[in-house]
$ cat target-v4.pdb   # PDB, C-alpha atoms, pLDDT in the B column
ATOM      1  CA  MET Q   1       6.082 -24.716  -5.712  1.00 50.00           C
ATOM      2  CA  ASP Q   2       3.492 -21.960  -5.697  1.00 51.00           C
ATOM      3  CA  VAL Q   3       3.016 -19.083  -8.131  1.00 48.00           C
ATOM      4  CA  SER Q   4       5.153 -16.652  -6.110  1.00 51.00           C
ATOM      5  CA  ASP Q   5       8.101 -19.087  -6.244  1.00 57.00           C
ATOM      6  CA  SER Q   6       7.699 -19.333 -10.018  1.00 62.00           C
ATOM      7  CA  ALA Q   7       7.537 -15.544 -10.373  1.00 67.00           C
ATOM      8  CA  SER Q   8      10.611 -15.155  -8.179  1.00 72.00           C
ATOM      9  CA  ILE Q   9      12.568 -17.651 -10.283  1.00 76.00           C
ATOM     10  CA  SER Q  10      11.501 -15.897 -13.500  1.00 81.00           C
ATOM     11  CA  SER Q  11      12.492 -12.542 -12.035  1.00 84.00           C
ATOM     12  CA  GLY Q  12      15.925 -13.903 -11.088  1.00 88.00           C
ATOM     13  CA  ILE Q  13      16.483 -15.333 -14.560  1.00 92.00           C
ATOM     14  CA  ALA Q  14      15.357 -12.078 -16.201  1.00 94.00           C
ATOM     15  CA  SER Q  15      17.595 -10.077 -13.869  1.00 94.00           C
ATOM     16  CA  ARG Q  16      20.715 -12.012 -14.854  1.00 95.00           C
ATOM     17  CA  TYR Q  17      20.041 -11.601 -18.579  1.00 96.00           C
ATOM     18  CA  ALA Q  18      19.165  -7.906 -18.131  1.00 96.00           C
ATOM     19  CA  LYS Q  19      22.371  -7.275 -16.178  1.00 96.00           C
ATOM     20  CA  ALA Q  20      24.485  -8.899 -18.891  1.00 96.00           C
ATOM     21  CA  VAL Q  21      22.819  -7.017 -21.765  1.00 97.00           C
ATOM     22  CA  PHE Q  22      22.966  -3.717 -19.872  1.00 97.00           C
ATOM     23  CA  GLU Q  23      26.655  -4.049 -19.047  1.00 97.00           C
ATOM     24  CA  ILE Q  24      27.586  -4.984 -22.625  1.00 96.00           C
ATOM     25  CA  ALA Q  25      25.486  -2.134 -24.060  1.00 97.00           C
ATOM     26  CA  GLN Q  26      27.002   0.303 -21.567  1.00 96.00           C
ATOM     27  CA  GLU Q  27      30.520  -0.860 -22.402  1.00 96.00           C
ATOM     28  CA  ASN Q  28      29.816  -0.451 -26.135  1.00 96.00           C
ATOM     29  CA  GLN Q  29      28.066   2.897 -25.550  1.00 95.00           C
ATOM     30  CA  ASP Q  30      24.844   1.484 -27.013  1.00 95.00           C
ATOM     31  CA  LEU Q  31      22.429   2.387 -24.191  1.00 96.00           C
ATOM     32  CA  ASP Q  32      20.397   4.809 -26.338  1.00 95.00           C
ATOM     33  CA  LYS Q  33      20.038   2.205 -29.078  1.00 97.00           C
ATOM     34  CA  LEU Q  34      19.176  -0.451 -26.477  1.00 97.00           C
ATOM     35  CA  GLU Q  35      16.465   1.796 -25.046  1.00 95.00           C
ATOM     36  CA  SER Q  36      15.012   2.217 -28.529  1.00 95.00           C
ATOM     37  CA  ASN Q  37      15.241  -1.568 -29.095  1.00 96.00           C
ATOM     38  CA  LEU Q  38      13.297  -2.204 -25.888  1.00 95.00           C
ATOM     39  CA  GLY Q  39      10.479   0.040 -27.087  1.00 92.00           C
ATOM     40  CA  ASP Q  40      10.364  -1.746 -30.440  1.00 95.00           C
ATOM     41  CA  LEU Q  41      10.442  -5.190 -28.846  1.00 96.00           C
ATOM     42  CA  SER Q  42       7.774  -4.232 -26.317  1.00 92.00           C
ATOM     43  CA  THR Q  43       5.522  -2.908 -29.078  1.00 91.00           C
ATOM     44  CA  ALA Q  44       6.052  -6.073 -31.121  1.00 94.00           C
ATOM     45  CA  LEU Q  45       5.114  -8.232 -28.128  1.00 94.00           C
ATOM     46  CA  SER Q  46       1.960  -6.241 -27.428  1.00 89.00           C
ATOM     47  CA  GLU Q  47       0.838  -6.210 -31.078  1.00 93.00           C
ATOM     48  CA  SER Q  48       1.757  -9.728 -32.210  1.00 94.00           C
ATOM     49  CA  ALA Q  49      -0.083 -12.727 -30.798  1.00 94.00           C
ATOM     50  CA  ASP Q  50       2.251 -14.952 -32.844  1.00 95.00           C
ATOM     51  CA  LEU Q  51       5.338 -13.502 -31.151  1.00 95.00           C
ATOM     52  CA  ARG Q  52       3.753 -13.880 -27.690  1.00 94.00           C
ATOM     53  CA  ASP Q  53       2.874 -17.469 -28.600  1.00 95.00           C
ATOM     54  CA  LEU Q  54       6.446 -18.122 -29.774  1.00 95.00           C
ATOM     55  CA  ILE Q  55       8.015 -17.007 -26.495  1.00 95.00           C
ATOM     56  CA  HIS Q  56       5.468 -18.684 -24.212  1.00 93.00           C
ATOM     57  CA  SER Q  57       4.404 -21.892 -25.963  1.00 92.00           C
ATOM     58  CA  PRO Q  58       6.240 -25.116 -25.106  1.00 91.00           C
ATOM     59  CA  VAL Q  59       5.051 -26.576 -28.435  1.00 93.00           C
ATOM     60  CA  TYR Q  60       7.900 -24.964 -30.360  1.00 94.00           C
ATOM     61  CA  SER Q  61      11.269 -26.728 -30.306  1.00 93.00           C
ATOM     62  CA  ARG Q  62      14.429 -24.965 -29.162  1.00 93.00           C
ATOM     63  CA  GLU Q  63      15.622 -24.915 -32.749  1.00 95.00           C
ATOM     64  CA  THR Q  64      12.388 -23.390 -34.050  1.00 95.00           C
ATOM     65  CA  GLN Q  65      12.348 -20.770 -31.297  1.00 95.00           C
ATOM     66  CA  GLY Q  66      16.006 -19.986 -31.899  1.00 95.00           C
ATOM     67  CA  LYS Q  67      15.656 -19.539 -35.656  1.00 96.00           C
ATOM     68  CA  ALA Q  68      12.473 -17.486 -35.317  1.00 96.00           C
ATOM     69  CA  ILE Q  69      13.732 -15.154 -32.577  1.00 96.00           C
ATOM     70  CA  THR Q  70      17.062 -14.667 -34.379  1.00 96.00           C
ATOM     71  CA  ALA Q  71      15.266 -13.718 -37.606  1.00 96.00           C
ATOM     72  CA  ILE Q  72      12.956 -11.354 -35.727  1.00 96.00           C
ATOM     73  CA  ALA Q  73      15.842  -9.733 -33.826  1.00 96.00           C
ATOM     74  CA  GLN Q  74      17.826  -9.190 -37.032  1.00 96.00           C
ATOM     75  CA  LYS Q  75      14.813  -7.822 -38.904  1.00 96.00           C
ATOM     76  CA  MET Q  76      14.131  -5.409 -36.020  1.00 96.00           C
ATOM     77  CA  GLY Q  77      17.771  -4.264 -36.027  1.00 96.00           C
ATOM     78  CA  LEU Q  78      18.347  -5.081 -32.362  1.00 97.00           C
ATOM     79  CA  ILE Q  79      21.844  -4.451 -31.022  1.00 97.00           C
ATOM     80  CA  PRO Q  80      24.150  -7.506 -31.145  1.00 97.00           C
ATOM     81  CA  ALA Q  81      24.055  -7.998 -27.357  1.00 96.00           C
ATOM     82  CA  MET Q  82      20.254  -8.221 -27.459  1.00 97.00           C
ATOM     83  CA  GLN Q  83      20.280 -10.538 -30.478  1.00 96.00           C
ATOM     84  CA  ASN Q  84      22.779 -12.827 -28.753  1.00 96.00           C
ATOM     85  CA  VAL Q  85      20.895 -12.954 -25.457  1.00 97.00           C
ATOM     86  CA  LEU Q  86      17.596 -13.720 -27.208  1.00 97.00           C
ATOM     87  CA  SER Q  87      19.293 -16.546 -29.106  1.00 96.00           C
ATOM     88  CA  LEU Q  88      20.810 -17.868 -25.868  1.00 96.00           C
ATOM     89  CA  MET Q  89      17.450 -17.648 -24.112  1.00 96.00           C
ATOM     90  CA  ALA Q  90      15.829 -19.651 -26.925  1.00 95.00           C
ATOM     91  CA  SER Q  91      18.505 -22.350 -26.685  1.00 95.00           C
ATOM     92  CA  LYS Q  92      17.835 -22.621 -22.939  1.00 94.00           C
ATOM     93  CA  ARG Q  93      14.003 -22.451 -23.359  1.00 94.00           C
ATOM     94  CA  ARG Q  94      13.806 -19.217 -21.392  1.00 94.00           C
ATOM     95  CA  LEU Q  95      12.161 -16.862 -23.857  1.00 95.00           C
ATOM     96  CA  PHE Q  96       9.160 -16.685 -21.507  1.00 94.00           C
ATOM     97  CA  VAL Q  97      11.128 -14.197 -19.352  1.00 95.00           C
ATOM     98  CA  VAL Q  98      11.586 -11.675 -22.201  1.00 96.00           C
ATOM     99  CA  PRO Q  99       8.846  -9.295 -20.897  1.00 94.00           C
ATOM    100  CA  ALA Q 100      10.398  -9.334 -17.397  1.00 93.00           C
ATOM    101  CA  MET Q 101      13.849  -8.780 -18.884  1.00 96.00           C
ATOM    102  CA  ILE Q 102      12.559  -5.786 -20.869  1.00 94.00           C
ATOM    103  CA  ALA Q 103      11.090  -4.275 -17.690  1.00 89.00           C
ATOM    104  CA  GLN Q 104      14.336  -4.804 -15.773  1.00 93.00           C
ATOM    105  CA  LEU Q 105      16.439  -3.344 -18.579  1.00 95.00           C
ATOM    106  CA  ARG Q 106      14.209  -0.271 -18.655  1.00 90.00           C
ATOM    107  CA  GLU Q 107      14.676   0.127 -14.886  1.00 88.00           C
ATOM    108  CA  ARG Q 108      18.466  -0.166 -15.213  1.00 93.00           C
ATOM    109  CA  ILE Q 109      18.590   2.398 -18.029  1.00 93.00           C
ATOM    110  CA  ALA Q 110      16.345   4.807 -16.116  1.00 88.00           C
ATOM    111  CA  GLU Q 111      18.467   4.412 -12.985  1.00 88.00           C
ATOM    112  CA  HIS Q 112      21.622   5.017 -15.035  1.00 92.00           C
ATOM    113  CA  LYS Q 113      20.065   8.232 -16.385  1.00 91.00           C
ATOM    114  CA  GLY Q 114      18.931   9.305 -12.905  1.00 88.00           C
ATOM    115  CA  GLU Q 115      15.273   8.733 -13.750  1.00 89.00           C
ATOM    116  CA  ILE Q 116      12.528   6.744 -12.105  1.00 88.00           C
ATOM    117  CA  THR Q 117       9.445   5.277 -13.750  1.00 85.00           C
ATOM    118  CA  ALA Q 118       5.965   5.802 -12.377  1.00 89.00           C
ATOM    119  CA  ASP Q 119       3.294   3.292 -13.393  1.00 89.00           C
ATOM    120  CA  VAL Q 120       0.105   5.314 -13.760  1.00 93.00           C
ATOM    121  CA  THR Q 121      -3.300   3.755 -14.349  1.00 93.00           C
ATOM    122  CA  SER Q 122      -6.152   6.089 -15.201  1.00 92.00           C
ATOM    123  CA  ALA Q 123      -9.796   5.710 -16.223  1.00 90.00           C
ATOM    124  CA  THR Q 124      -9.175   7.606 -19.461  1.00 92.00           C
ATOM    125  CA  LYS Q 125      -6.081   8.275 -21.552  1.00 91.00           C
ATOM    126  CA  LEU Q 126      -3.928  11.051 -20.096  1.00 92.00           C
ATOM    127  CA  THR Q 127      -3.354  14.116 -22.258  1.00 93.00           C
ATOM    128  CA  ASP Q 128       0.181  15.360 -22.858  1.00 93.00           C
ATOM    129  CA  ALA Q 129      -0.492  18.286 -20.508  1.00 94.00           C
ATOM    130  CA  GLN Q 130      -1.693  15.914 -17.764  1.00 94.00           C
ATOM    131  CA  ARG Q 131       1.353  13.674 -18.220  1.00 93.00           C
ATOM    132  CA  THR Q 132       3.685  16.662 -17.985  1.00 94.00           C
ATOM    133  CA  LYS Q 133       1.959  18.070 -14.889  1.00 94.00           C
ATOM    134  CA  LEU Q 134       1.938  14.650 -13.189  1.00 93.00           C
ATOM    135  CA  SER Q 135       5.608  14.123 -14.038  1.00 93.00           C
ATOM    136  CA  GLU Q 136       6.526  17.536 -12.576  1.00 94.00           C
ATOM    137  CA  THR Q 137       4.497  16.885  -9.405  1.00 93.00           C
ATOM    138  CA  LEU Q 138       6.112  13.481  -8.899  1.00 92.00           C
ATOM    139  CA  LYS Q 139       9.571  14.922  -9.610  1.00 92.00           C
ATOM    140  CA  ALA Q 140       9.031  17.417  -6.775  1.00 92.00           C
ATOM    141  CA  GLN Q 141       8.153  14.503  -4.458  1.00 89.00           C
ATOM    142  CA  VAL Q 142      10.927  12.037  -5.369  1.00 88.00           C
ATOM    143  CA  GLY Q 143      13.679  14.454  -6.390  1.00 88.00           C
ATOM    144  CA  ARG Q 144      14.446  12.752  -9.718  1.00 89.00           C
ATOM    145  CA  GLU Q 145      13.160  12.864 -13.282  1.00 89.00           C
ATOM    146  CA  VAL Q 146       9.997  10.776 -13.515  1.00 90.00           C
ATOM    147  CA  LEU Q 147       8.984   8.898 -16.634  1.00 86.00           C
ATOM    148  CA  ILE Q 148       5.286   8.093 -16.883  1.00 89.00           C
ATOM    149  CA  ASN Q 149       4.283   4.576 -17.937  1.00 85.00           C
ATOM    150  CA  ALA Q 150       0.558   5.145 -18.497  1.00 87.00           C
ATOM    151  CA  THR Q 151      -2.163   2.530 -18.894  1.00 89.00           C
ATOM    152  CA  VAL Q 152      -5.941   2.852 -19.035  1.00 89.00           C
ATOM    153  CA  ASP Q 153      -8.358   0.874 -16.848  1.00 91.00           C
ATOM    154  CA  GLU Q 154     -11.931   2.080 -17.335  1.00 90.00           C
ATOM    155  CA  SER Q 155     -13.061   0.164 -14.231  1.00 89.00           C
ATOM    156  CA  LEU Q 156     -11.399   2.891 -12.113  1.00 89.00           C
ATOM    157  CA  ILE Q 157     -14.335   5.140 -13.108  1.00 88.00           C
ATOM    158  CA  GLY Q 158     -12.165   8.212 -12.440  1.00 89.00           C
ATOM    159  CA  GLY Q 159      -8.960   9.276 -10.692  1.00 89.00           C
ATOM    160  CA  LEU Q 160      -5.528   7.645 -10.803  1.00 92.00           C
ATOM    161  CA  VAL Q 161      -3.494   4.824  -9.355  1.00 93.00           C
ATOM    162  CA  VAL Q 162       0.186   5.841  -9.239  1.00 93.00           C
ATOM    163  CA  LYS Q 163       3.025   3.481  -8.336  1.00 92.00           C
ATOM    164  CA  VAL Q 164       6.498   4.922  -7.881  1.00 90.00           C
ATOM    165  CA  GLY Q 165       8.981   2.416  -6.551  1.00 81.00           C
ATOM    166  CA  SER Q 166       7.398   0.772  -3.508  1.00 82.00           C
ATOM    167  CA  LYS Q 167       4.873   3.597  -2.978  1.00 88.00           C
ATOM    168  CA  MET Q 168       1.327   3.488  -4.312  1.00 91.00           C
ATOM    169  CA  ILE Q 169      -1.199   6.307  -4.356  1.00 89.00           C
ATOM    170  CA  ASP Q 170      -4.774   5.279  -5.196  1.00 90.00           C
ATOM    171  CA  THR Q 171      -7.141   8.194  -5.811  1.00 89.00           C
ATOM    172  CA  SER Q 172      -9.516   6.215  -8.014  1.00 88.00           C
ATOM    173  CA  ILE Q 173     -13.254   6.489  -7.563  1.00 89.00           C
ATOM    174  CA  ARG Q 174     -13.435   2.669  -7.549  1.00 87.00           C
ATOM    175  CA  SER Q 175     -11.174   2.611  -4.477  1.00 88.00           C
ATOM    176  CA  LYS Q 176     -13.237   5.285  -2.740  1.00 87.00           C
ATOM    177  CA  LEU Q 177     -16.461   3.411  -3.484  1.00 88.00           C
ATOM    178  CA  ASN Q 178     -14.952   0.188  -2.118  1.00 88.00           C
ATOM    179  CA  SER Q 179     -13.922   2.001   1.080  1.00 87.00           C
ATOM    180  CA  LEU Q 180     -17.402   3.478   1.425  1.00 88.00           C
ATOM    181  CA  GLN Q 181     -18.944   0.035   0.901  1.00 88.00           C
ATOM    182  CA  ASN Q 182     -16.751  -1.417   3.674  1.00 89.00           C
ATOM    183  CA  VAL Q 183     -17.749   1.392   6.054  1.00 87.00           C
ATOM    184  CA  MET Q 184     -21.442   0.801   5.242  1.00 87.00           C
ATOM    185  CA  LYS Q 185     -21.051  -2.927   6.007  1.00 88.00           C
ATOM    186  CA  GLU Q 186     -19.584  -2.078   9.430  1.00 85.00           C
ATOM    187  CA  VAL Q 187     -22.482   0.278  10.223  1.00 81.00           C
ATOM    188  CA  GLY Q 188     -25.205  -2.197   9.180  1.00 64.00           C
TER     189      GLY Q 188
END
$ encode --input "target-v4.pdb" --output "structure tokens"
Amino acid sequence: MDVSDSASISSGIASRYAKAVFEIAQENQDLDKLESNLGDLSTALSESADLRDLIHSPVYSRETQGKAITAIAQKMGLIPAMQNVLSLMASKRRLFVVPAMIAQLRERIAEHKGEITADVTSATKLTDAQRTKLSETLKAQVGREVLINATVDESLIGGLVVKVGSKMIDTSIRSKLNSLQNVMKEVG
């Protein structure tokens, strides 16, 4: 089994959990609260090395993972469907797919709202005006509301890398320099 098989299996597992949580939240009219929960959970994962360790480390027993994730979910005020699925995932030793499940839930919610998410990587942090302008430009291209998921990668030097669905636009200086370097190799 290679890495792509492992990623595919994880994606499938995350997809099934995301589908279940989404459908329950939709049925209970809790999608707005779920969306808020996803932001809180995502922030907690990015800020807490202990939480990342809990969901990824095989050292913790099922019972320990279950008790810890249940306490965290309750303390965070996650909707019951999310609390239950996290508990179930702990009992099945599948907490490692939580980040993938969060991403898939966000996609489902955005699709339900008629939105699409663009992953934007820039050399410096985008200002609110830049985010708004980029969102409007992308909306004109794709015909739907576009949410910007921005990250910073200083190695780009300048410009942007934008991914919307299966399309990618790379206007980074790093990319242009790499292209120039390849052309120079062909000449020499």
$ resolve_selection --input "target-v4.pdb" --expression "the PyMOL selection byres ((chain Q and resi 54) around 12)" --output "PyMOL selection string"
chain Q and resi 45+48-53+55-69+72+90+93-96+98
$ resolve_selection --input "target-v4.pdb" --expression "the PyMOL selection byres ((chain Q and resi 39) around 12)" --output "list in words"
Asp32, Lys33, Leu34, Glu35, Ser36, Asn37, Leu38, Asp40, Leu41, Ser42, Thr43, Ala44, Leu45, Ser46, Met76, Leu78, Pro99, Ile102, Ala103, Leu105, Arg106 and Asn149 of chain Q
$ residues_near_point --input "target-v4.pdb" --point "(20.6, -12.0, -30.8)" --cutoff "10 Å" --atoms "all atoms listed in the file" --output "CSV table (one decimal) with C-alpha atoms, in the coordinates of the input"
chain,number,residue,atom,x,y,z
Q,66,GLY,CA,16.0,-20.0,-31.9
Q,69,ILE,CA,13.7,-15.2,-32.6
Q,70,THR,CA,17.1,-14.7,-34.4
Q,71,ALA,CA,15.3,-13.7,-37.6
Q,72,ILE,CA,13.0,-11.4,-35.7
Q,73,ALA,CA,15.8,-9.7,-33.8
Q,74,GLN,CA,17.8,-9.2,-37.0
Q,77,GLY,CA,17.8,-4.3,-36.0
Q,78,LEU,CA,18.3,-5.1,-32.4
Q,79,ILE,CA,21.8,-4.5,-31.0
Q,80,PRO,CA,24.2,-7.5,-31.1
Q,81,ALA,CA,24.1,-8.0,-27.4
Q,82,MET,CA,20.3,-8.2,-27.5
Q,83,GLN,CA,20.3,-10.5,-30.5
Q,84,ASN,CA,22.8,-12.8,-28.8
Q,85,VAL,CA,20.9,-13.0,-25.5
Q,86,LEU,CA,17.6,-13.7,-27.2
Q,87,SER,CA,19.3,-16.5,-29.1
Q,88,LEU,CA,20.8,-17.9,-25.9
Q,89,MET,CA,17.4,-17.6,-24.1
Q,90,ALA,CA,15.8,-19.7,-26.9
$ axis_aligned_box --input "target-v4.pdb" --around "stretch 85-98 of chain Q" --padding-each-side "3 Å" --output "JSON"
{"center_x": 15.0, "center_y": -17.1, "center_z": -24.2, "size_x": 17.7, "size_y": 16.9, "size_z": 15.8}
$ closest_atom_pairs --input "target-v4.pdb" --of "stretch 55-145 of chain Q" --to "stretch 161-184 of chain Q" --cutoff "12 Å" --atoms "all atoms listed in the file" --output "Markdown table"
| residue | atom | partner | partner_atom | distance |
| --- | --- | --- | --- | --- |
| Q:Glu107 | CA | Q:Gly165 | CA | 10.4 |
| Q:Glu111 | CA | Q:Gly165 | CA | 11.6 |
| Q:Glu115 | CA | Q:Val164 | CA | 11.2 |
| Q:Ile116 | CA | Q:Val164 | CA | 7.6 |
| Q:Thr117 | CA | Q:Val164 | CA | 6.6 |
| Q:Ala118 | CA | Q:Val164 | CA | 4.6 |
| Q:Asp119 | CA | Q:Lys163 | CA | 5.1 |
| Q:Val120 | CA | Q:Val162 | CA | 4.6 |
| Q:Thr121 | CA | Q:Val161 | CA | 5.1 |
| Q:Ser122 | CA | Q:Val161 | CA | 6.5 |
| Q:Ala123 | CA | Q:Ser172 | CA | 8.2 |
| Q:Thr124 | CA | Q:Ser172 | CA | 11.5 |
| Q:Arg131 | CA | Q:Val162 | CA | 12.0 |
| Q:Leu134 | CA | Q:Val162 | CA | 9.8 |
| Q:Ser135 | CA | Q:Val162 | CA | 11.0 |
| Q:Thr137 | CA | Q:Val162 | CA | 11.9 |
| Q:Leu138 | CA | Q:Val164 | CA | 8.6 |
| Q:Lys139 | CA | Q:Val164 | CA | 10.6 |
| Q:Gln141 | CA | Q:Val164 | CA | 10.3 |
| Q:Val142 | CA | Q:Val164 | CA | 8.7 |
| Q:Arg144 | CA | Q:Val164 | CA | 11.3 |
| Q:Glu145 | CA | Q:Val164 | CA | 11.7 |
$ write_last_selection --input "target-v4.pdb" --atoms "C-alpha atoms" --output "compact mmCIF listing (two decimals), in the coordinates of the input"
# COMPACT_ATOMS: atom_id res chain seq x y z
CA GLU Q 107 14.68 0.13 -14.89
CA GLU Q 111 18.47 4.41 -12.98
CA GLU Q 115 15.27 8.73 -13.75
CA ILE Q 116 12.53 6.74 -12.10
CA THR Q 117 9.44 5.28 -13.75
CA ALA Q 118 5.96 5.80 -12.38
CA ASP Q 119 3.29 3.29 -13.39
CA VAL Q 120 0.10 5.31 -13.76
CA THR Q 121 -3.30 3.76 -14.35
CA SER Q 122 -6.15 6.09 -15.20
CA ALA Q 123 -9.80 5.71 -16.22
CA THR Q 124 -9.18 7.61 -19.46
CA ARG Q 131 1.35 13.67 -18.22
CA LEU Q 134 1.94 14.65 -13.19
CA SER Q 135 5.61 14.12 -14.04
CA THR Q 137 4.50 16.89 -9.40
CA LEU Q 138 6.11 13.48 -8.90
CA LYS Q 139 9.57 14.92 -9.61
CA GLN Q 141 8.15 14.50 -4.46
CA VAL Q 142 10.93 12.04 -5.37
CA ARG Q 144 14.45 12.75 -9.72
CA GLU Q 145 13.16 12.86 -13.28
$ atom_distance --input "target-v4.pdb" --atom1 "atom CA of Q:Leu126" --atom2 "atom CA of Q:Thr151"
8.8 Å
$ atom_distance --input "target-v4.pdb" --atom1 "atom CA of Q:Gly12" --atom2 "atom CA of Q:Ala110"
19.4 Å
$ resolve_selection --input "target-v4.pdb" --expression "the PyMOL selection byres ((chain Q and resi 18-24) around 9)" --output "ChimeraX atom specification"
/Q:13-17,25-31,34,81-82,85,100-105,108-109
$ closest_residue --input "target-v4.pdb" --among "Q:Gly159, Q:His112, Q:Ile9, Q:Ala150" --to "Q:Lys125" --atoms "only C-alpha atoms"
Q:Ala150
$ atom_distance --input "target-v4.pdb" --atom1 "atom CA of Q:Ala129" --atom2 "atom CA of Q:Asp153"
19.5 Å
